[in-house]
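Chemist: Enclosed is the structure file my_file-v8.txt (compact mmCIF, C-alpha atoms).
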# COMPACT_ATOMS: atom_id res chain seq x y z
CA ARG I 203 -73.55 16.37 -11.31
CA ALA I 204 -77.16 17.56 -11.29
CA SER I 205 -77.71 17.94 -15.04
CA TYR I 206 -75.98 17.84 -18.41
CA ALA I 207 -76.45 21.59 -18.81
CA GLY I 208 -74.65 22.16 -15.52
CA ARG I 209 -71.77 19.79 -16.28
CA GLY I 210 -68.27 20.79 -15.29
CA LEU I 211 -65.04 21.53 -17.11
CA ILE I 212 -63.88 17.96 -17.73
CA PRO I 213 -67.06 16.78 -19.54
CA ARG I 214 -66.98 19.94 -21.65
CA CYS I 215 -63.32 19.36 -22.58
CA ILE I 216 -64.05 15.76 -23.58
CA ALA I 217 -66.90 16.86 -25.86
CA ALA I 218 -64.97 19.76 -27.41
CA LEU I 219 -61.79 17.74 -28.04
CA LEU I 220 -63.43 14.73 -29.67
CA SER I 221 -65.75 16.90 -31.73
CA GLN I 222 -62.81 18.96 -32.99
CA LEU I 223 -60.79 15.88 -33.94
CA ALA I 224 -63.71 14.22 -35.72
CA SER I 225 -64.44 17.31 -37.83
CA SER I 226 -60.85 18.42 -38.55
CA PRO I 227 -59.91 18.21 -42.24
CA GLY I 228 -56.40 17.17 -43.17
CA LEU I 229 -56.02 14.44 -40.55
CA ALA I 230 -55.18 10.97 -41.85
CA ALA I 231 -55.66 9.43 -38.41
CA TRP I 232 -56.13 10.38 -34.76
CA SER I 233 -56.47 8.58 -31.45
CA VAL I 234 -57.39 9.52 -27.89
CA ALA I 235 -56.70 7.49 -24.75
CA VAL I 236 -58.06 8.24 -21.27
CA SER I 237 -56.49 7.67 -17.85
CA TYR I 238 -57.80 8.76 -14.45
CA LEU I 239 -55.46 9.05 -11.47
CA GLU I 240 -56.19 9.77 -7.80
CA ILE I 241 -53.72 10.98 -5.17
CA TYR I 242 -55.10 10.05 -1.76
CA ASN I 243 -53.06 10.40 1.43
CA GLU I 244 -49.87 10.61 -0.66
CA CYS I 245 -50.65 7.37 -2.51
CA LEU I 246 -51.50 6.91 -6.19
CA TYR I 247 -54.57 4.94 -7.28
CA ASP I 248 -56.09 4.16 -10.65
CA LEU I 249 -59.73 5.33 -10.69
CA LEU I 250 -60.37 3.11 -13.72
CA ASP I 251 -58.94 -0.01 -12.05
CA LEU I 252 -61.20 -2.99 -12.78
CA THR I 253 -59.91 -5.16 -9.94
CA ALA I 254 -61.85 -5.64 -6.72
CA GLN I 255 -58.92 -4.43 -4.60
CA PRO I 256 -57.25 -1.33 -6.12
CA HIS I 257 -53.55 -1.19 -5.34
CA GLU I 258 -51.08 1.64 -4.97
CA LEU I 259 -49.22 2.64 -8.14
CA GLY I 260 -45.57 3.61 -8.53
CA LEU I 261 -43.83 6.53 -10.22
CA TYR I 262 -40.73 6.53 -12.39
CA GLU I 263 -39.01 8.65 -15.03
CA ASP I 264 -38.16 7.18 -18.42
CA GLY I 265 -34.95 7.67 -20.37
CA ARG I 266 -36.15 11.05 -21.66
CA GLY I 267 -36.97 12.35 -18.19
CA ARG I 268 -40.74 12.07 -18.60
CA VAL I 269 -42.76 11.02 -15.57
CA GLN I 270 -44.67 7.74 -15.96
CA VAL I 271 -47.14 6.00 -13.65
CA SER I 272 -46.54 2.27 -13.68
CA GLY I 273 -49.67 0.16 -14.07
CA LEU I 274 -51.99 3.08 -14.84
CA ARG I 275 -54.78 1.92 -17.15
CA SER I 276 -55.15 3.73 -20.49
CA VAL I 277 -58.39 3.26 -22.44
CA ALA I 278 -58.91 4.30 -26.07
CA VAL I 279 -62.05 6.34 -26.76
CA ALA I 280 -63.61 7.41 -30.05
CA SER I 281 -66.68 9.37 -28.96
CA GLU I 282 -67.95 11.77 -26.30
CA ALA I 283 -70.17 9.05 -24.82
CA GLU I 284 -67.20 6.71 -24.30
CA GLY I 285 -65.14 9.47 -22.70
CA LEU I 286 -67.94 10.54 -20.36
CA ALA I 287 -68.62 6.94 -19.34
CA LEU I 288 -65.01 6.56 -18.18
CA PHE I 289 -65.07 9.91 -16.41
CA PHE I 290 -68.22 9.07 -14.44
CA GLU I 291 -66.84 5.62 -13.66
CA GLY I 292 -63.74 7.21 -12.16
CA GLU I 293 -65.77 9.83 -10.28
CA SER I 294 -67.76 7.07 -8.57
CA ASN I 295 -64.48 5.62 -7.24
CA ARG I 296 -63.12 8.85 -5.73
CA VAL I 297 -62.86 9.26 -1.97
CA ILE I 298 -65.56 11.63 -0.65
CA GLY I 299 -65.94 12.81 2.94
CA GLU I 300 -68.08 15.16 4.97
CA HIS I 301 -67.18 17.98 7.31
CA GLN I 302 -68.74 21.11 8.75
CA LEU I 303 -68.51 23.16 5.53
CA ASN I 304 -69.06 20.54 2.82
CA ARG I 305 -71.15 17.39 2.78
CA GLN I 306 -69.39 16.08 -0.34
CA SER I 307 -65.80 17.14 0.15
CA SER I 308 -63.15 15.64 -2.14
CA ARG I 309 -60.55 13.97 0.06
CA SER I 310 -58.01 13.57 -2.74
CA HIS I 311 -56.50 15.24 -5.78
CA SER I 312 -57.36 13.76 -9.16
CA ILE I 313 -55.85 14.01 -12.65
CA PHE I 314 -57.92 13.17 -15.73
CA MET I 315 -55.49 12.61 -18.62
CA LEU I 316 -56.25 12.65 -22.33
CA SER I 317 -53.40 11.39 -24.54
CA ILE I 318 -53.83 12.54 -28.15
CA THR I 319 -51.98 11.44 -31.30
CA THR I 320 -52.69 13.02 -34.69
CA THR I 321 -51.27 12.14 -38.11
CA PRO I 322 -51.69 14.69 -40.95
CA GLU I 323 -52.63 13.63 -44.45
CA GLY I 324 -49.90 13.58 -47.07
CA GLY I 325 -47.15 13.51 -44.46
CA ASP I 326 -44.13 11.27 -44.08
CA GLY I 327 -45.64 9.10 -41.38
CA ARG I 328 -44.71 11.36 -38.48
CA SER I 329 -47.34 12.21 -35.88
CA LEU I 330 -47.88 14.79 -33.15
CA ALA I 331 -48.30 13.57 -29.57
CA SER I 332 -50.04 15.70 -26.94
CA LYS I 333 -51.40 15.22 -23.45
CA LEU I 334 -54.14 17.19 -21.71
CA CYS I 335 -54.07 16.89 -17.90
CA LEU I 336 -57.18 18.16 -16.13
CA VAL I 337 -56.31 18.44 -12.44
CA ASP I 338 -58.88 18.71 -9.66
CA LEU I 339 -57.09 19.92 -6.53
CA ALA I 340 -58.74 19.29 -3.20
CA GLY I 341 -59.16 22.58 -1.35
CA SER I 342 -57.00 23.49 1.64
CA GLU I 343 -58.82 23.28 4.96
CA ARG I 344 -58.68 25.10 8.26
CA VAL I 345 -59.43 22.58 10.98
CA SER I 346 -60.81 25.37 13.16
CA LYS I 347 -63.58 25.86 10.59
CA THR I 348 -64.16 22.34 9.30
CA ARG I 349 -63.93 20.80 12.81
CA SER I 350 -62.49 17.67 11.25
CA GLU I 351 -61.39 14.73 13.34
CA GLY I 352 -60.26 11.15 12.91
CA LEU I 353 -59.71 10.03 9.32
CA VAL I 354 -61.01 13.30 7.86
CA LEU I 355 -58.42 15.18 9.93
CA LYS I 356 -55.63 12.92 8.65
CA GLU I 357 -56.81 13.47 5.06
CA ALA I 358 -56.84 17.24 5.61
CA GLY I 359 -53.23 17.10 6.78
CA HIS I 360 -52.12 15.33 3.58
CA ILE I 361 -54.13 17.75 1.41
CA ASN I 362 -52.71 20.86 3.07
CA ARG I 363 -49.14 19.56 2.98
CA SER I 364 -49.31 18.63 -0.72
CA LEU I 365 -50.73 22.05 -1.63
CA ALA I 366 -47.99 23.80 0.34
CA LEU I 367 -45.34 21.74 -1.49
CA LEU I 368 -47.02 22.52 -4.83
CA GLU I 369 -46.67 26.23 -4.07
CA GLN I 370 -42.98 25.76 -3.21
CA VAL I 371 -42.37 23.95 -6.51
CA VAL I 372 -44.18 26.68 -8.46
CA ARG I 373 -41.99 29.29 -6.80
CA ALA I 374 -38.82 27.35 -7.59
CA ALA I 375 -39.83 26.59 -11.19
CA SER I 376 -40.58 30.27 -11.86
CA GLU I 377 -37.06 31.35 -10.82
CA ARG I 378 -34.91 31.71 -13.93
CA GLY I 379 -31.50 30.12 -13.71
CA ARG I 380 -32.38 27.86 -10.80
CA GLU I 381 -30.65 24.50 -11.22
CA HIS I 382 -32.86 22.34 -8.99
CA VAL I 383 -36.65 22.26 -8.66
CA PRO I 384 -37.89 19.88 -5.91
CA TYR I 385 -40.51 18.08 -8.01
CA ARG I 386 -40.10 14.91 -5.94
CA SER I 387 -41.20 16.60 -2.74
CA SER I 388 -44.64 15.01 -3.11
CA LYS I 389 -46.52 12.65 -5.40
CA LEU I 390 -48.61 15.56 -6.68
CA THR I 391 -45.66 17.70 -7.76
CA HIS I 392 -43.81 14.70 -9.20
CA VAL I 393 -46.78 13.64 -11.35
CA LEU I 394 -47.26 17.23 -12.53
CA LYS I 395 -43.60 17.77 -13.36
CA ASP I 396 -44.33 17.92 -17.11
CA SER I 397 -47.24 20.32 -16.53
CA LEU I 398 -45.51 23.00 -14.44
CA GLY I 399 -43.55 25.08 -16.92
CA GLY I 400 -41.30 23.92 -19.73
CA ASN I 401 -42.82 22.28 -22.81
CA CYS I 402 -46.44 22.81 -21.86
CA ALA I 403 -49.16 25.42 -21.50
CA THR I 404 -50.37 25.73 -17.89
CA VAL I 405 -53.76 27.21 -16.99
CA LEU I 406 -55.09 27.63 -13.45
CA ILE I 407 -58.78 28.11 -12.64
CA ALA I 408 -59.14 29.35 -9.06
CA ASN I 409 -62.42 28.93 -7.16
CA VAL I 410 -63.10 31.27 -4.26
CA TRP I 411 -65.85 31.66 -1.70
CA GLY I 412 -67.16 35.19 -1.85
CA GLU I 413 -68.44 35.45 1.72
CA PRO I 414 -66.62 37.92 4.01
CA ALA I 415 -66.05 35.15 6.56
CA GLN I 416 -63.81 33.35 4.02
CA LEU I 417 -61.72 36.41 3.10
CA HIS I 418 -58.46 34.92 4.34
CA GLU I 419 -58.84 31.81 2.15
CA THR I 420 -59.84 33.96 -0.83
CA LEU I 421 -56.72 36.11 -0.52
CA SER I 422 -54.53 33.03 -0.15
CA THR I 423 -56.00 31.53 -3.33
CA CYS I 424 -55.45 34.77 -5.25
CA ARG I 425 -51.79 34.95 -4.13
CA PHE I 426 -51.21 31.39 -5.29
CA SER I 427 -52.83 32.21 -8.64
CA ALA I 428 -50.51 35.19 -9.05
CA ARG I 429 -47.48 32.96 -8.47
CA MET I 430 -48.69 30.51 -11.12
CA THR I 431 -48.51 33.27 -13.74
CA ARG I 432 -44.72 33.39 -13.29
CA LEU I 433 -44.19 29.89 -14.66
CA VAL I 434 -42.11 29.90 -17.84
CA CYS I 435 -43.72 27.84 -20.61
CA GLU I 436 -41.86 27.09 -23.84
CA VAL I 437 -44.22 25.07 -25.99
CA ALA I 438 -42.80 22.90 -28.80
CA SER I 439 -44.36 20.21 -31.00
CA ASN I 440 -43.83 16.63 -29.84
CA VAL I 441 -43.14 14.82 -33.11
CA VAL I 442 -43.13 11.04 -32.91
CA GLN I 443 -42.01 8.63 -35.62
CA GLN I 444 -44.54 5.95 -36.43
CA GLU I 445 -43.21 2.49 -37.29
CA GLY I 446 -45.27 2.37 -40.48
CA GLY I 447 -43.86 5.68 -41.70
CA ALA I 448 -40.29 4.50 -41.19
CA ARG I 449 -41.02 1.35 -43.19
CA VAL I 450 -42.47 3.39 -46.07
CA ARG I 451 -39.34 5.53 -46.32
CA GLU I 452 -37.16 2.42 -46.14
CA LEU I 453 -38.99 0.88 -49.09
CA GLN I 454 -38.72 4.13 -51.01
CA ARG I 455 -34.94 4.07 -50.59
CA CYS I 456 -34.87 0.46 -51.76
CA ALA I 457 -36.84 1.35 -54.88
CA ALA I 458 -34.51 4.25 -55.63
CA ALA I 459 -31.45 2.00 -55.25
CA THR I 460 -32.96 -0.66 -57.51
CA ALA I 461 -33.63 1.92 -60.22
CA THR I 462 -29.97 3.01 -60.34
CA PRO I 463 -28.53 2.49 -63.85
CA ALA I 464 -26.61 -0.76 -64.18
CA ALA I 465 -23.56 1.03 -65.55
CA ALA I 466 -23.23 2.98 -62.34
CA LEU I 467 -23.27 -0.21 -60.28
CA GLN I 468 -20.72 -2.23 -62.29
CA LEU I 469 -17.98 -3.65 -60.11
CA HIS I 470 -14.75 -4.71 -61.84
CA VAL I 471 -12.40 -7.16 -60.27
CA ALA I 472 -8.68 -6.62 -60.49
CA GLU I 473 -7.02 -7.59 -63.77
CA GLY I 474 -5.88 -11.21 -63.76
CA THR I 475 -8.54 -12.29 -61.29
CA ASP I 476 -11.43 -14.34 -62.64
CA ARG I 477 -10.39 -13.23 -66.16
CA GLY I 478 -11.35 -9.66 -65.40
CA ARG I 479 -15.07 -10.28 -65.68
CA ALA I 480 -17.40 -7.58 -64.43
CA TRP I 481 -20.13 -8.30 -61.92
CA LEU I 482 -23.58 -6.74 -61.94
CA PRO I 483 -26.11 -6.68 -59.12
CA GLN I 484 -28.70 -9.41 -59.34
CA ALA I 485 -30.83 -7.88 -56.62
CA VAL I 486 -30.75 -5.08 -54.12
CA HIS I 487 -31.88 -5.97 -50.60
CA CYS I 488 -32.69 -3.57 -47.77
CA VAL I 489 -31.67 -4.90 -44.40
CA SER I 490 -32.37 -1.70 -42.50
CA ALA I 491 -32.81 1.99 -43.14
CA ASP I 492 -29.03 2.45 -43.00
CA SER I 493 -27.68 -0.57 -44.88
CA ILE I 494 -28.06 -2.07 -48.37
CA TRP I 495 -26.33 -5.21 -49.59
CA LEU I 496 -26.02 -6.54 -53.14
CA SER I 497 -26.35 -10.02 -54.65
CA LEU I 498 -23.95 -10.22 -57.59
CA GLN I 499 -23.92 -12.34 -60.71
CA PRO I 500 -21.16 -12.59 -63.36
CA TRP I 501 -21.58 -10.75 -66.66
Go ahead and express the file in the form of structure tokens.

Modeler:
Amino acid sequence: RASYAGRGLIPRCIAALLSQLASSPGLAAWSVAVSYLEIYNECLYDLLDLTAQPHELGLYEDGRGRVQVSGLRSVAVASEAEGLALFFEGESNRVIGEHQLNRQSSRSHSIFMLSITTTPEGGDGRSLASKLCLVDLAGSERVSKTRSEGLVLKEAGHINRSLALLEQVVRAASERGREHVPYRSSKLTHVLKDSLGGNCATVLIANVWGEPAQLHETLSTCRFSARMTRLVCEVASNVVQQEGGARVRELQRCAAATATPAAALQLHVAEGTDRGRAWLPQAVHCVSADSIWLSLQPW
């Protein structure tokens, strides 16, 4: 926050990602969209909401089991400056509080999401879809040390509970053969369902306070980090079919059907019907990728 040189992980990721995409050879097209989500007191809020009164958002799972946030704003960006502007806009909307140990304590968890789509040159119209979720977890708090009260105390209770449930989900997800993982135990674990094992790569950066007085919290953080290493990740490419690519292949099939030799397409009616004349296709029409119908004329 003090200087560009001392910027954090999220601004660095924005710069590295967009620079890499802009300079990558072999890409016919690429796009990046940004969303910024806050989880405050077990409620979801859009940090990029343009309305005067931000409202709580809902969660649902689509037909493929992927978690979606209804009403979450997604903004396309094409440069580092655009990405940073949205990040700083969202940061200014986060809930900040003060207690005995921190004058600018985050009172919520936040998730900065970058949705990336890339299309290689010379391909068949298919693209790769990826999502980078940068999660800022609010730190657990001991009330005996922070001396929190009132609203700050209530916020601490929600923070500590959500972190405890996150640890439970990590434990369950790391157990092979387990049929049920309680992702819906909290909004945090439900939103992060696609980021905790499975088709993803999960990285945890743990921050600790090196003073002897904070040894208990340091050990607790290290134990949680060790449990995160047990998550099973099986990364696979997310290939999506673009509408334009499907249309190109459809037209290619139409052209191939039109070029078929006329002799191969002759249709003879039964003898004694219409004097046995043959019929040849006047035109070949593509209705869909799976159906072709013929207009016939007598010959």

Chemist: If we count only C-alpha atoms, what is near Gly400 (chain I) at a cut-off of 8 Å, once residues fewer than 6 positions away on the same chain are taken out, given as a VMD selection string?

Modeler: chain I and resid 434 to 437

Chemist: Which polymer residues have any atom within 7 Å of an atom of Val297 (chain I), counting only C-alpha atoms, with same-chain residues fewer than 2 positions away left out, as a ChimeraX atom specification?

Modeler: /I:295,299,308-310

Chemist: Write out as an NGL selection string which residues come within 7 Å of Glu282 (chain I) when counting only C-alpha atoms, dropping same-chain ones fewer than 3 positions away.

Modeler: :I and (216-217 or 220 or 285-286)

Chemist: How far is it from CA of Val372 (chain I) to CA of Ile318 (chain I), in Å with one decimal?

Modeler: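 Rounded to one decimal, the two atoms are 26.1 Å apart.
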
Chemist: Name the residues in contact with region 423-426 of chain I at a cut-off of 12 Å, using all atoms listed in the file, excluding same-chain residues fewer than 3 positions from it; report them as a PyMOL selection string.

Modeler: chain I and resi 341-342+365-373+406-412+416-420+429-433

Chemist: Can you list, as a list in words, every protein, DNA or RNA residue that comes within 12 Å of Tyr247 (chain I) when you count only C-alpha atoms, leaving out same-chain residues fewer than 5 positions away?

Modeler: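 That gives Ser237, Tyr238, Leu239, Glu240, Ile241, Tyr242, Leu252, Thr253, Gln255, Pro256, His257, Glu258, Leu259, Gly260, Leu261, Val271, Ser272, Gly273, Leu274, Arg275, Gly292, Asn295, Arg296, Val297, Ser310, His311, Ser312, Ile313 and Lys389 of chain I.
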